[in-house]
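**Student:** So here's coords_39.pdb, just PDB, C-alpha atoms and all ligand atoms:
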ATOM      1  CA  MET A   3       0.000   0.000   0.000
ATOM      2  CA  LEU A   4       1.146   3.525  -0.674
ATOM      3  CA  THR A   5      -0.132   6.864   0.607
ATOM      4  CA  VAL A   6       0.174  10.247  -1.082
ATOM      5  CA  ARG A   7      -0.818  13.663   0.194
ATOM      6  CA  ALA A   8      -2.020  15.832  -2.704
ATOM      7  CA  PRO A   9      -2.523  19.561  -2.086
ATOM      8  CA  ALA A  10      -5.313  21.984  -2.823
ATOM      9  CA  THR A  11      -4.462  24.432  -5.579
ATOM     10  CA  SER A  12      -5.566  27.860  -6.676
ATOM     11  CA  ALA A  13      -5.824  28.471 -10.420
ATOM     12  CA  ASN A  14      -5.743  31.770 -12.340
ATOM     13  CA  LEU A  15      -4.397  34.061  -9.563
ATOM     14  CA  GLY A  16      -6.293  36.928 -11.168
ATOM     15  CA  SER A  17      -4.034  37.873 -14.045
ATOM     16  CA  GLY A  18      -3.328  34.333 -15.335
ATOM     17  CA  PHE A  19      -6.727  32.966 -16.364
ATOM     18  CA  ASP A  20      -6.307  29.314 -17.446
ATOM     19  CA  VAL A  21      -2.507  29.754 -17.189
ATOM     20  CA  PHE A  22      -1.341  30.316 -13.591
ATOM     21  CA  GLY A  23      -1.715  27.976 -10.644
ATOM     22  CA  ALA A  24      -0.259  27.503  -7.189
ATOM     23  CA  ALA A  25      -0.096  24.587  -4.747
ATOM     24  CA  LEU A  26      -1.289  25.323  -1.194
ATOM     25  CA  THR A  27       0.185  23.485   1.794
ATOM     26  CA  HIS A  28      -3.341  22.756   3.005
ATOM     27  CA  PRO A  29      -6.061  21.625   2.746
ATOM     28  CA  ALA A  30      -5.094  18.408   0.958
ATOM     29  CA  ASP A  31      -6.485  15.064  -0.156
ATOM     30  CA  VAL A  32      -4.911  11.858   1.117
ATOM     31  CA  VAL A  33      -4.921   9.101  -1.504
ATOM     32  CA  ARG A  34      -4.132   5.485  -0.544
ATOM     33  CA  VAL A  35      -3.585   2.885  -3.254
ATOM     34  CA  GLU A  36      -2.977  -0.850  -3.276
ATOM     35  CA  ARG A  37      -2.727  -3.246  -6.205
ATOM     36  CA  ALA A  38      -5.972  -4.983  -7.213
ATOM     37  CA  ASP A  39      -7.386  -6.906 -10.167
ATOM     38  CA  GLU A  40      -9.695  -4.031 -11.003
ATOM     39  CA  THR A  41     -10.006  -0.431  -9.886
ATOM     40  CA  THR A  42     -12.379   0.489  -7.086
ATOM     41  CA  ILE A  43     -12.805   3.877  -5.440
ATOM     42  CA  GLU A  44     -13.826   4.705  -1.869
ATOM     43  CA  VAL A  45     -14.290   8.298  -0.776
ATOM     44  CA  THR A  46     -14.465   9.803   2.710
ATOM     45  CA  GLY A  47     -14.126  13.355   4.017
ATOM     46  CA  ALA A  48     -15.248  16.801   2.850
ATOM     47  CA  GLY A  49     -18.181  16.621   0.435
ATOM     48  CA  GLU A  50     -17.755  12.853   0.031
ATOM     49  CA  SER A  51     -21.344  12.372  -1.188
ATOM     50  CA  PHE A  52     -20.653  14.643  -4.181
ATOM     51  CA  VAL A  53     -17.660  12.638  -5.414
ATOM     52  CA  PRO A  54     -18.426   9.799  -7.857
ATOM     53  CA  THR A  55     -17.061   6.364  -6.925
ATOM     54  CA  ASP A  56     -17.508   4.943 -10.437
ATOM     55  CA  PRO A  57     -13.875   4.690 -11.658
ATOM     56  CA  ALA A  58     -14.942   5.926 -15.105
ATOM     57  CA  LYS A  59     -16.309   9.137 -13.581
ATOM     58  CA  ASN A  60     -13.725   9.811 -10.880
ATOM     59  CA  THR A  61     -10.492  11.598 -11.858
ATOM     60  CA  ALA A  62      -8.410   9.110  -9.855
ATOM     61  CA  GLY A  63     -10.131   6.182 -11.589
ATOM     62  CA  VAL A  64      -9.436   7.664 -15.017
ATOM     63  CA  VAL A  65      -5.792   8.141 -14.052
ATOM     64  CA  ALA A  66      -5.587   4.463 -12.987
ATOM     65  CA  SER A  67      -6.916   3.489 -16.404
ATOM     66  CA  GLU A  68      -4.478   5.837 -18.210
ATOM     67  CA  LEU A  69      -1.557   4.277 -16.302
ATOM     68  CA  ASP A  70      -2.926   0.728 -16.751
ATOM     69  CA  ALA A  71      -2.588   0.445 -12.980
ATOM     70  CA  PRO A  72      -5.688  -1.177 -11.451
ATOM     71  CA  ALA A  73      -5.942  -0.472  -7.754
ATOM     72  CA  ARG A  74      -8.097  -0.156  -4.699
ATOM     73  CA  ILE A  75      -8.067   3.619  -4.304
ATOM     74  CA  ARG A  76      -9.168   5.252  -1.069
ATOM     75  CA  ILE A  77      -9.491   9.019  -1.118
ATOM     76  CA  ASP A  78      -9.853  11.041   2.059
ATOM     77  CA  LYS A  79     -11.077  14.409   0.797
ATOM     78  CA  GLY A  80      -9.617  17.392   2.553
ATOM     79  CA  VAL A  81     -10.395  19.605  -0.447
ATOM     80  CA  ARG A  82     -14.136  20.151  -0.729
ATOM     81  CA  PRO A  83     -15.587  19.626  -4.246
ATOM     82  CA  SER A  84     -16.767  22.773  -6.098
ATOM     83  CA  SER A  85     -14.699  25.007  -3.831
ATOM     84  CA  GLY A  86     -12.384  26.643  -6.359
ATOM     85  CA  LEU A  87      -9.464  24.880  -4.674
ATOM     86  CA  GLY A  88      -8.837  22.138  -7.250
ATOM     87  CA  SER A  89     -10.647  19.276  -5.512
ATOM     88  CA  SER A  90     -10.818  16.834  -8.442
ATOM     89  CA  ALA A  91      -7.281  17.823  -9.475
ATOM     90  CA  ALA A  92      -5.953  16.920  -6.031
ATOM     91  CA  SER A  93      -7.399  13.426  -6.331
ATOM     92  CA  ALA A  94      -6.088  13.052  -9.895
ATOM     93  CA  ALA A  95      -2.628  14.258  -8.883
ATOM     94  CA  GLY A  96      -2.528  12.023  -5.815
ATOM     95  CA  ALA A  97      -3.555   8.982  -7.832
ATOM     96  CA  ALA A  98      -1.063   9.744 -10.615
ATOM     97  CA  VAL A  99       1.900  10.087  -8.231
ATOM     98  CA  ALA A 100       0.830   7.082  -6.122
ATOM     99  CA  LEU A 101       0.122   4.672  -8.989
ATOM    100  CA  ASN A 102       3.253   5.676 -10.901
ATOM    101  CA  GLU A 103       5.232   4.631  -7.823
ATOM    102  CA  LEU A 104       3.142   1.556  -6.941
ATOM    103  CA  TYR A 105       3.492   0.109 -10.451
ATOM    104  CA  ASP A 106       6.995   1.498 -11.012
ATOM    105  CA  ARG A 107       5.892   3.170 -14.270
ATOM    106  CA  GLY A 108       8.840   5.576 -14.286
ATOM    107  CA  HIS A 109       6.976   8.646 -15.570
ATOM    108  CA  SER A 110       8.461  12.051 -14.837
ATOM    109  CA  ARG A 111       6.390  14.551 -12.841
ATOM    110  CA  GLU A 112       5.823  16.532 -16.076
ATOM    111  CA  GLU A 113       4.428  13.406 -17.782
ATOM    112  CA  LEU A 114       2.179  12.814 -14.774
ATOM    113  CA  VAL A 115       0.732  16.327 -15.238
ATOM    114  CA  ARG A 116      -0.449  15.329 -18.721
ATOM    115  CA  ILE A 117      -1.879  12.021 -17.441
ATOM    116  CA  ALA A 118      -3.687  13.684 -14.520
ATOM    117  CA  ALA A 119      -5.060  16.317 -16.915
ATOM    118  CA  GLU A 120      -6.671  13.464 -18.872
ATOM    119  CA  GLY A 121      -8.473  12.539 -15.661
ATOM    120  CA  GLU A 122      -9.692  16.125 -15.370
ATOM    121  CA  ALA A 123     -10.766  16.110 -19.026
ATOM    122  CA  VAL A 124     -12.887  12.974 -18.751
ATOM    123  CA  VAL A 125     -14.609  14.166 -15.609
ATOM    124  CA  SER A 126     -15.052  17.889 -16.329
ATOM    125  CA  GLY A 127     -15.104  17.762 -20.124
ATOM    126  CA  ASP A 128     -12.181  20.151 -20.335
ATOM    127  CA  ALA A 129      -8.462  19.349 -19.878
ATOM    128  CA  HIS A 130      -7.346  22.252 -17.674
ATOM    129  CA  ALA A 131      -3.884  21.502 -16.352
ATOM    130  CA  ASP A 132      -3.784  24.702 -14.298
ATOM    131  CA  ASN A 133      -4.806  22.803 -11.150
ATOM    132  CA  VAL A 134      -3.114  19.416 -11.739
ATOM    133  CA  ALA A 135       0.210  21.058 -12.667
ATOM    134  CA  PRO A 136       0.761  22.730  -9.269
ATOM    135  CA  ALA A 137      -0.810  19.749  -7.464
ATOM    136  CA  ILE A 138       1.934  17.543  -8.930
ATOM    137  CA  LEU A 139       4.890  19.908  -9.364
ATOM    138  CA  GLY A 140       4.251  22.199  -6.391
ATOM    139  CA  GLY A 141       4.992  25.921  -6.142
ATOM    140  CA  PHE A 142       3.734  28.346  -8.762
ATOM    141  CA  THR A 143       3.091  27.002 -12.261
ATOM    142  CA  VAL A 144       2.544  28.464 -15.719
ATOM    143  CA  VAL A 145       0.657  26.187 -18.129
ATOM    144  CA  THR A 146       0.608  26.873 -21.876
ATOM    145  CA  ASP A 147      -0.012  24.746 -24.966
ATOM    146  CA  ASP A 148       3.758  24.200 -25.108
ATOM    147  CA  GLY A 149       4.152  22.788 -21.616
ATOM    148  CA  VAL A 150       4.499  23.658 -17.946
ATOM    149  CA  THR A 151       6.994  25.889 -16.141
ATOM    150  CA  SER A 152       7.212  25.806 -12.357
ATOM    151  CA  VAL A 153       8.758  28.116  -9.778
ATOM    152  CA  ASP A 154       9.479  27.036  -6.215
ATOM    153  CA  ALA A 155       7.696  29.988  -4.607
ATOM    154  CA  HIS A 156       6.904  30.496  -0.909
ATOM    155  CA  ILE A 157       4.206  33.098  -0.357
ATOM    156  CA  PRO A 158       1.822  33.356   2.647
ATOM    157  CA  VAL A 159      -1.852  33.197   1.670
ATOM    158  CA  VAL A 160      -5.313  32.690   3.126
ATOM    159  CA  ALA A 161      -7.857  30.623   1.213
ATOM    160  CA  CYS A 162     -11.363  31.455   2.434
ATOM    161  CA  LEU A 163     -14.121  29.060   1.517
ATOM    162  CA  PRO A 164     -17.788  30.131   1.794
ATOM    163  CA  GLU A 165     -20.487  27.496   2.242
ATOM    164  CA  THR A 166     -21.832  28.270  -1.222
ATOM    165  CA  VAL A 167     -21.295  26.646  -4.614
ATOM    166  CA  VAL A 168     -20.417  28.219  -7.973
ATOM    167  CA  SER A 169     -20.535  25.864 -10.943
ATOM    168  CA  THR A 170     -17.461  25.993 -13.170
ATOM    169  CA  ARG A 171     -19.819  26.107 -16.150
ATOM    170  CA  ASP A 172     -21.468  29.324 -14.857
ATOM    171  CA  ALA A 173     -18.074  30.773 -13.962
ATOM    172  CA  ARG A 174     -16.828  30.186 -17.502
ATOM    173  CA  GLU A 175     -19.985  31.575 -19.090
ATOM    174  CA  VAL A 176     -19.490  34.991 -17.484
ATOM    175  CA  VAL A 177     -16.007  35.355 -18.969
ATOM    176  CA  PRO A 178     -16.225  37.596 -22.065
ATOM    177  CA  ASP A 179     -15.136  36.137 -25.423
ATOM    178  CA  SER A 180     -12.909  39.091 -26.238
ATOM    179  CA  MET A 181     -11.203  42.015 -24.519
ATOM    180  CA  ALA A 182     -10.152  45.548 -25.387
ATOM    181  CA  MET A 183      -6.475  46.279 -26.035
ATOM    182  CA  ASP A 184      -6.273  48.476 -22.894
ATOM    183  CA  ASP A 185      -7.391  45.485 -20.840
ATOM    184  CA  VAL A 186      -4.897  43.201 -22.597
ATOM    185  CA  VAL A 187      -2.079  45.599 -21.740
ATOM    186  CA  GLU A 188      -3.158  45.827 -18.090
ATOM    187  CA  THR A 189      -3.498  42.041 -17.795
ATOM    188  CA  VAL A 190      -0.102  41.355 -19.368
ATOM    189  CA  GLY A 191       1.490  43.919 -17.053
ATOM    190  CA  ASN A 192      -0.075  42.313 -13.997
ATOM    191  CA  ALA A 193       0.811  38.785 -15.144
ATOM    192  CA  ALA A 194       4.439  39.720 -15.721
ATOM    193  CA  THR A 195       4.598  41.471 -12.346
ATOM    194  CA  LEU A 196       3.094  38.438 -10.636
ATOM    195  CA  VAL A 197       5.707  36.116 -12.171
ATOM    196  CA  ALA A 198       8.482  38.460 -11.031
ATOM    197  CA  GLY A 199       6.954  38.529  -7.550
ATOM    198  CA  MET A 200       6.843  34.720  -7.387
ATOM    199  CA  CYS A 201      10.488  34.472  -8.499
ATOM    200  CA  ARG A 202      11.528  37.029  -5.871
ATOM    201  CA  GLY A 203       9.270  35.580  -3.157
ATOM    202  CA  ASP A 204       7.719  39.041  -2.804
ATOM    203  CA  PRO A 205       4.125  39.005  -1.435
ATOM    204  CA  GLU A 206       3.731  42.733  -2.169
ATOM    205  CA  LEU A 207       4.282  42.252  -5.920
ATOM    206  CA  VAL A 208       2.286  39.017  -6.086
ATOM    207  CA  GLY A 209      -0.709  40.506  -4.290
ATOM    208  CA  ARG A 210      -0.721  43.732  -6.263
ATOM    209  CA  ALA A 211      -0.655  41.787  -9.533
ATOM    210  CA  ALA A 212      -3.177  39.064  -8.624
ATOM    211  CA  THR A 213      -6.011  40.783 -10.425
ATOM    212  CA  ASP A 214      -7.180  41.692 -13.900
ATOM    213  CA  PRO A 215      -9.764  44.054 -15.379
ATOM    214  CA  VAL A 216     -11.939  41.417 -17.102
ATOM    215  CA  VAL A 217     -12.154  37.916 -15.597
ATOM    216  CA  THR A 218     -11.924  38.676 -11.871
ATOM    217  CA  PRO A 219     -14.620  41.421 -11.879
ATOM    218  CA  ALA A 220     -16.997  39.207 -13.880
ATOM    219  CA  ARG A 221     -16.491  36.202 -11.645
ATOM    220  CA  SER A 222     -16.565  38.065  -8.363
ATOM    221  CA  GLU A 223     -20.237  38.862  -9.095
ATOM    222  CA  LEU A 224     -20.968  35.148  -8.601
ATOM    223  CA  VAL A 225     -19.415  35.087  -5.108
ATOM    224  CA  GLU A 226     -21.874  36.485  -2.570
ATOM    225  CA  GLY A 227     -20.135  38.996  -0.302
ATOM    226  CA  TYR A 228     -16.952  39.165  -2.428
ATOM    227  CA  ASP A 229     -16.446  42.950  -2.357
ATOM    228  CA  ALA A 230     -16.843  43.152   1.432
ATOM    229  CA  VAL A 231     -14.504  40.171   1.909
ATOM    230  CA  ALA A 232     -11.843  41.670  -0.380
ATOM    231  CA  GLU A 233     -12.028  45.022   1.408
ATOM    232  CA  ALA A 234     -11.827  43.410   4.857
ATOM    233  CA  ALA A 235      -8.833  41.291   3.809
ATOM    234  CA  GLY A 236      -7.012  44.371   2.503
ATOM    235  CA  GLU A 237      -7.610  46.283   5.743
ATOM    236  CA  ALA A 238      -6.292  43.306   7.740
ATOM    237  CA  GLY A 239      -3.004  43.021   5.821
ATOM    238  CA  ALA A 240      -3.638  41.338   2.464
ATOM    239  CA  THR A 241      -1.626  42.734  -0.435
ATOM    240  CA  GLY A 242      -4.150  41.418  -2.951
ATOM    241  CA  VAL A 243      -7.318  39.338  -3.226
ATOM    242  CA  THR A 244      -8.778  37.306  -6.059
ATOM    243  CA  VAL A 245     -11.314  34.610  -6.871
ATOM    244  CA  SER A 246      -9.671  31.196  -6.457
ATOM    245  CA  GLY A 247     -10.138  29.199  -9.658
ATOM    246  CA  ALA A 248     -13.772  29.247 -10.688
ATOM    247  CA  GLY A 249     -14.789  30.217  -7.116
ATOM    248  CA  PRO A 250     -16.454  30.473  -4.690
ATOM    249  CA  GLY A 251     -13.175  30.254  -2.740
ATOM    250  CA  VAL A 252     -11.406  33.596  -2.301
ATOM    251  CA  LEU A 253      -7.614  33.785  -2.138
ATOM    252  CA  ALA A 254      -5.809  36.542  -0.245
ATOM    253  CA  VAL A 255      -2.070  37.094  -0.619
ATOM    254  CA  CYS A 256      -0.711  38.178   2.777
ATOM    255  CA  ARG A 257       1.991  40.721   3.578
ATOM    256  CA  ASP A 258       3.786  38.216   5.833
ATOM    257  CA  TRP A 259       3.199  34.983   7.725
ATOM    258  CA  ALA A 260       2.004  36.739  10.891
ATOM    259  CA  SER A 261      -0.741  38.723   9.122
ATOM    260  CA  ARG A 262      -2.553  35.561   7.999
ATOM    261  CA  ARG A 263      -4.449  35.202  11.291
ATOM    262  CA  ALA A 264      -5.994  38.705  11.055
ATOM    263  CA  VAL A 265      -6.699  38.322   7.323
ATOM    264  CA  ALA A 266      -8.431  34.976   7.860
ATOM    265  CA  ALA A 267     -10.603  36.349  10.678
ATOM    266  CA  ALA A 268     -11.517  39.449   8.654
ATOM    267  CA  MET A 269     -12.546  37.386   5.625
ATOM    268  CA  VAL A 270     -14.689  34.948   7.608
ATOM    269  CA  GLY A 271     -16.263  37.885   9.462
ATOM    270  CA  ALA A 272     -17.098  39.711   6.232
ATOM    271  CA  PHE A 273     -18.663  36.609   4.711
ATOM    272  CA  GLU A 274     -20.732  36.106   7.863
ATOM    273  CA  GLU A 275     -21.907  39.728   7.766
ATOM    274  CA  SER A 276     -23.098  38.984   4.226
ATOM    275  CA  GLY A 277     -25.077  36.030   5.599
ATOM    276  CA  VAL A 278     -22.689  33.351   4.382
ATOM    277  CA  ASP A 279     -20.885  30.823   6.604
ATOM    278  CA  ALA A 280     -17.236  30.403   5.693
ATOM    279  CA  ARG A 281     -13.986  28.873   6.877
ATOM    280  CA  ALA A 282     -10.476  30.067   6.203
ATOM    281  CA  TYR A 283      -7.239  28.154   5.708
ATOM    282  CA  ARG A 284      -4.080  29.983   6.794
ATOM    283  CA  THR A 285      -1.731  28.440   4.304
ATOM    284  CA  GLU A 286       1.105  29.159   1.871
ATOM    285  CA  ILE A 287       2.352  28.252  -1.571
ATOM    286  CA  GLY A 288       4.183  24.982  -1.052
ATOM    287  CA  PRO A 289       5.068  21.515  -2.347
ATOM    288  CA  GLY A 290       3.193  19.266  -4.751
ATOM    289  CA  ALA A 291       1.939  15.730  -4.129
ATOM    290  CA  GLU A 292       4.171  13.884  -1.674
ATOM    291  CA  ILE A 293       4.542  10.174  -1.011
ATOM    292  CA  PHE A 294       4.616   9.919   2.753
ATOM    293  CA  ASP A 295       4.000   6.274   3.486
ATOM    294  CA  SER A 296       4.882   3.215   1.416
TER     295      SER A 296
HETATM  296  N1  LIG A 301      -8.893  27.925 -15.039
HETATM  297  C1  LIG A 301     -10.104  27.228 -14.710
HETATM  298  C2  LIG A 301     -11.209  28.255 -14.566
HETATM  299  C3  LIG A 301      -9.907  26.495 -13.408
HETATM  300  O1  LIG A 301     -10.972  29.253 -13.886
HETATM  301  O2  LIG A 301     -12.290  28.073 -15.108
HETATM  302  C4  LIG A 301     -11.121  25.725 -12.969
HETATM  303  O3  LIG A 301     -11.239  24.539 -13.718
END
Any chance you could put this one into structure tokens?
Ligand code: HSE
**Tutor:**
Amino acid sequence: MLTVRAPATSANLGSGFDVFGAALTHPADVVRVERADETTIEVTGAGESFVPTDPAKNTAGVVASELDAPARIRIDKGVRPSSGLGSSAASAAGAAVALNELYDRGHSREELVRIAAEGEAVVSGDAHADNVAPAILGGFTVVTDDGVTSVDAHIPVVACLPETVVSTRDAREVVPDSMAMDDVVETVGNAATLVAGMCRGDPELVGRAATDPVVTPARSELVEGYDAVAEAAGEAGATGVTVSGAGPGVLAVCRDWASRRAVAAAMVGAFEESGVDARAYRTEIGPGAEIFDS
């Protein structure tokens, strides 16, 4: 038997829609695998009733099929489904890393990103690697049609998760099909600044650049209480706030490690004042899926 811890991830980071992603040290899924004649899936933990156990419909099951690695797969969900924190990607990444090791397939981490993205494609209908890439490689990742680049960044963040659901389909429908050149220029400037901030480990630059004039404003409309939460986070020490992935999770980049406590409390308080229960994870950009018991 082999156990892998696969982290939550935050895609987009404001200025990198469908391109940027970051691994968070927690929450995380724990994926246990053991060899079997055919693949079975058991799910426990956060939102377990919303996760399919049919191997053909579960990202981890699809990964097992892609790797020709039948297994009994037990997933303890720490990452709630439909949270904007890469829940299905965490399971896909955990299964890919675990089964590659269990069956000694010898794939590189970059190859496992492609295989885990197939799992995402079968389940969600769209092969976004912007969550599986950081879940496997860790740190901050840039995904393009030509491949994946990763940076070993360490930035303090708070991921605040309201008890509401935003469907990825709705979140994609509100994104405009085109954008004005002024908005392109602003987005490119922010994206470049964010990359520089990640490379320097500078939360001020990362936070300032974790926004854009088109996607974030459109999507924030779908997150009840977003404006109040963003304002409260900024007053408590966040350098920038954005919608995490497709939402409803909200990600705040924090000035330093110590400010996370105040930022987390301010965000939960602002959600509650908007009538929405929420919980906050004081976390940071950290490693990808790790084998911790074999
Ligand atoms: N980049 C994707 C989106 C991530 O924001 O829609 C969620 O699949």
**Student:** Which neighbours of segment 96-103 of chain A fall inside 10 Å, counting all atoms listed in the file, when residues of the same chain fewer than 3 positions from it are skipped, and could you give them as an MDAnalysis selection string?
**Tutor:** chainID A and resid 3:9 30:37 61:66 68:73 75:77 90:93 106:111 113:119 121 134 137:138 290:293 296
**Student:** Please compute the atom CA of Gly247 of chain A-atom CA of Val231 of chain A distance, one decimal, in Å.
**Tutor:**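 Atom-to-atom, atom CA of Gly247 of chain A and atom CA of Val231 of chain A are spaced 16.5 Å apart.
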**Student:** Check which residues fall inside 10 Å of ligand LIG 301 (chain A) when counting all atoms listed in the file, and print them as JSON, numbers by chain.
**Tutor:** {"A": [11, 12, 13, 14, 15, 16, 18, 19, 20, 21, 22, 23, 84, 85, 86, 87, 88, 89, 90, 91, 122, 123, 126, 128, 129, 130, 131, 132, 133, 134, 169, 170, 171, 172, 173, 174, 175, 177, 217, 218, 221, 245, 246, 247, 248, 249]}
**Student:** Keeping only C-alpha atoms, write those residues as a PDB file, in the coordinates of the input.
**Tutor:**
ATOM      1  CA  THR A  11      -4.462  24.432  -5.579  1.00  0.00           C
ATOM      2  CA  SER A  12      -5.566  27.860  -6.676  1.00  0.00           C
ATOM      3  CA  ALA A  13      -5.824  28.471 -10.420  1.00  0.00           C
ATOM      4  CA  ASN A  14      -5.743  31.770 -12.340  1.00  0.00           C
ATOM      5  CA  LEU A  15      -4.397  34.061  -9.563  1.00  0.00           C
ATOM      6  CA  GLY A  16      -6.293  36.928 -11.168  1.00  0.00           C
ATOM      7  CA  GLY A  18      -3.328  34.333 -15.335  1.00  0.00           C
ATOM      8  CA  PHE A  19      -6.727  32.966 -16.364  1.00  0.00           C
ATOM      9  CA  ASP A  20      -6.307  29.314 -17.446  1.00  0.00           C
ATOM     10  CA  VAL A  21      -2.507  29.754 -17.189  1.00  0.00           C
ATOM     11  CA  PHE A  22      -1.341  30.316 -13.591  1.00  0.00           C
ATOM     12  CA  GLY A  23      -1.715  27.976 -10.644  1.00  0.00           C
ATOM     13  CA  SER A  84     -16.767  22.773  -6.098  1.00  0.00           C
ATOM     14  CA  SER A  85     -14.699  25.007  -3.831  1.00  0.00           C
ATOM     15  CA  GLY A  86     -12.384  26.643  -6.359  1.00  0.00           C
ATOM     16  CA  LEU A  87      -9.464  24.880  -4.674  1.00  0.00           C
ATOM     17  CA  GLY A  88      -8.837  22.138  -7.250  1.00  0.00           C
ATOM     18  CA  SER A  89     -10.647  19.276  -5.512  1.00  0.00           C
ATOM     19  CA  SER A  90     -10.818  16.834  -8.442  1.00  0.00           C
ATOM     20  CA  ALA A  91      -7.281  17.823  -9.475  1.00  0.00           C
ATOM     21  CA  GLU A 122      -9.692  16.125 -15.370  1.00  0.00           C
ATOM     22  CA  ALA A 123     -10.766  16.110 -19.026  1.00  0.00           C
ATOM     23  CA  SER A 126     -15.052  17.889 -16.329  1.00  0.00           C
ATOM     24  CA  ASP A 128     -12.181  20.151 -20.335  1.00  0.00           C
ATOM     25  CA  ALA A 129      -8.462  19.349 -19.878  1.00  0.00           C
ATOM     26  CA  HIS A 130      -7.346  22.252 -17.674  1.00  0.00           C
ATOM     27  CA  ALA A 131      -3.884  21.502 -16.352  1.00  0.00           C
ATOM     28  CA  ASP A 132      -3.784  24.702 -14.298  1.00  0.00           C
ATOM     29  CA  ASN A 133      -4.806  22.803 -11.150  1.00  0.00           C
ATOM     30  CA  VAL A 134      -3.114  19.416 -11.739  1.00  0.00           C
ATOM     31  CA  SER A 169     -20.535  25.864 -10.943  1.00  0.00           C
ATOM     32  CA  THR A 170     -17.461  25.993 -13.170  1.00  0.00           C
ATOM     33  CA  ARG A 171     -19.819  26.107 -16.150  1.00  0.00           C
ATOM     34  CA  ASP A 172     -21.468  29.324 -14.857  1.00  0.00           C
ATOM     35  CA  ALA A 173     -18.074  30.773 -13.962  1.00  0.00           C
ATOM     36  CA  ARG A 174     -16.828  30.186 -17.502  1.00  0.00           C
ATOM     37  CA  GLU A 175     -19.985  31.575 -19.090  1.00  0.00           C
ATOM     38  CA  VAL A 177     -16.007  35.355 -18.969  1.00  0.00           C
ATOM     39  CA  VAL A 217     -12.154  37.916 -15.597  1.00  0.00           C
ATOM     40  CA  THR A 218     -11.924  38.676 -11.871  1.00  0.00           C
ATOM     41  CA  ARG A 221     -16.491  36.202 -11.645  1.00  0.00           C
ATOM     42  CA  VAL A 245     -11.314  34.610  -6.871  1.00  0.00           C
ATOM     43  CA  SER A 246      -9.671  31.196  -6.457  1.00  0.00           C
ATOM     44  CA  GLY A 247     -10.138  29.199  -9.658  1.00  0.00           C
ATOM     45  CA  ALA A 248     -13.772  29.247 -10.688  1.00  0.00           C
ATOM     46  CA  GLY A 249     -14.789  30.217  -7.116  1.00  0.00           C
TER      47      GLY A 249
END
**Student:** Record the distance separating atom CA of Ala38 of chain A and atom CA of Val53 of chain A, expressed in Å with one decimal.
**Tutor:** 21.2 Å
**Student:** For atom CA of Glu274 of chain A and atom CA of Thr166 of chain A, determine how far apart the two atoms are, in Å to one decimal place.
**Tutor:** 12.0 Å
**Student:** Near Met200 of chain A, counting all atoms listed in the file, which residues have an atom at most 9 Å away, once you skip same-chain residues fewer than 4 positions from it, shown as a list in words?
**Tutor:**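 After dropping sequence-adjacent residues, the list is Phe142, Val153, Asp154, Ala155, His156, Ile157, Thr195, Leu196, Asp204, Pro205, Leu207 and Val208 of chain A.
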**Student:** Taking all atoms listed in the file into account, which of A:Ala211, A:Gly149, A:Ser67, A:Ser261 comes nearest Glu120 of chain A?
**Tutor:**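 When distances to Glu120 of chain A are compared using all atoms listed in the file, the smallest one comes from A:Ser67.
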**Student:** Name the closest residue to Gly203 of chain A among the candidates A:Ala280, A:Cys256, A:Leu139, A:Val150; distances are taken between atoms, counting only C-alpha atoms.
**Tutor:**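 Going through A:Ala280, A:Cys256, A:Leu139, A:Val150 one by one, the smallest distance to Gly203 of chain A is for A:Cys256.
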**Student:** I need the output of the PyMOL selection byres (((chain A and resi 232) around 10) and not hetatm) for this file as a list in words; which residues are they?
**Tutor:**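 Selected by the PyMOL selection byres (((chain A and resi 232) around 10) and not hetatm) in this file: Ser222, Gly227, Tyr228, Asp229, Ala230, Val231, Glu233, Ala234, Ala235, Gly236, Glu237, Ala238, Ala240, Gly242, Val243, Thr244, Val245, Val252, Leu253, Ala254, Val265, Ala268, Met269, Ala272 and Phe273 of chain A.
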**Student:** Nearest to Ile287 of chain A: which of A:Asn192, A:Thr41, A:Ser51, A:Thr143 is it, counting all atoms listed in the file?
**Tutor:** A:Thr143
**Student:** Extending 3 Å beyond the listed atoms of segment 233-250 of chain A on each side, what axis-aligned box results? I want centre and edge lengths in Å to one decimal, as AutoDock Vina command-line options.
**Tutor:**
--center_x -9.0 --center_y 37.7 --center_z -1.5 --size_x 20.8 --size_y 23.1 --size_z 24.4
**Student:** Which one is closest to Asp295 of chain A: A:Ala267, A:Ala25, A:Val81, A:Leu104? Count only C-alpha atoms.
**Tutor:** A:Leu104
**Student:** Measuring between all atoms listed in the file, which one of A:Arg262, A:Phe294, A:Ala193, A:Pro215 shows the shortest distance to Val144 of chain A?
**Tutor:**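 The shortest atom-to-atom distance to Val144 of chain A comes from A:Ala193.
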**Student:** May I ask which of the residues A:Glu226, A:Asp147, A:Asp56, A:Glu188 is the closest one to Glu44 of chain A, counting all atoms listed in the file?
**Tutor:**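 Closest to Glu44 of chain A of all the choices is A:Asp56.
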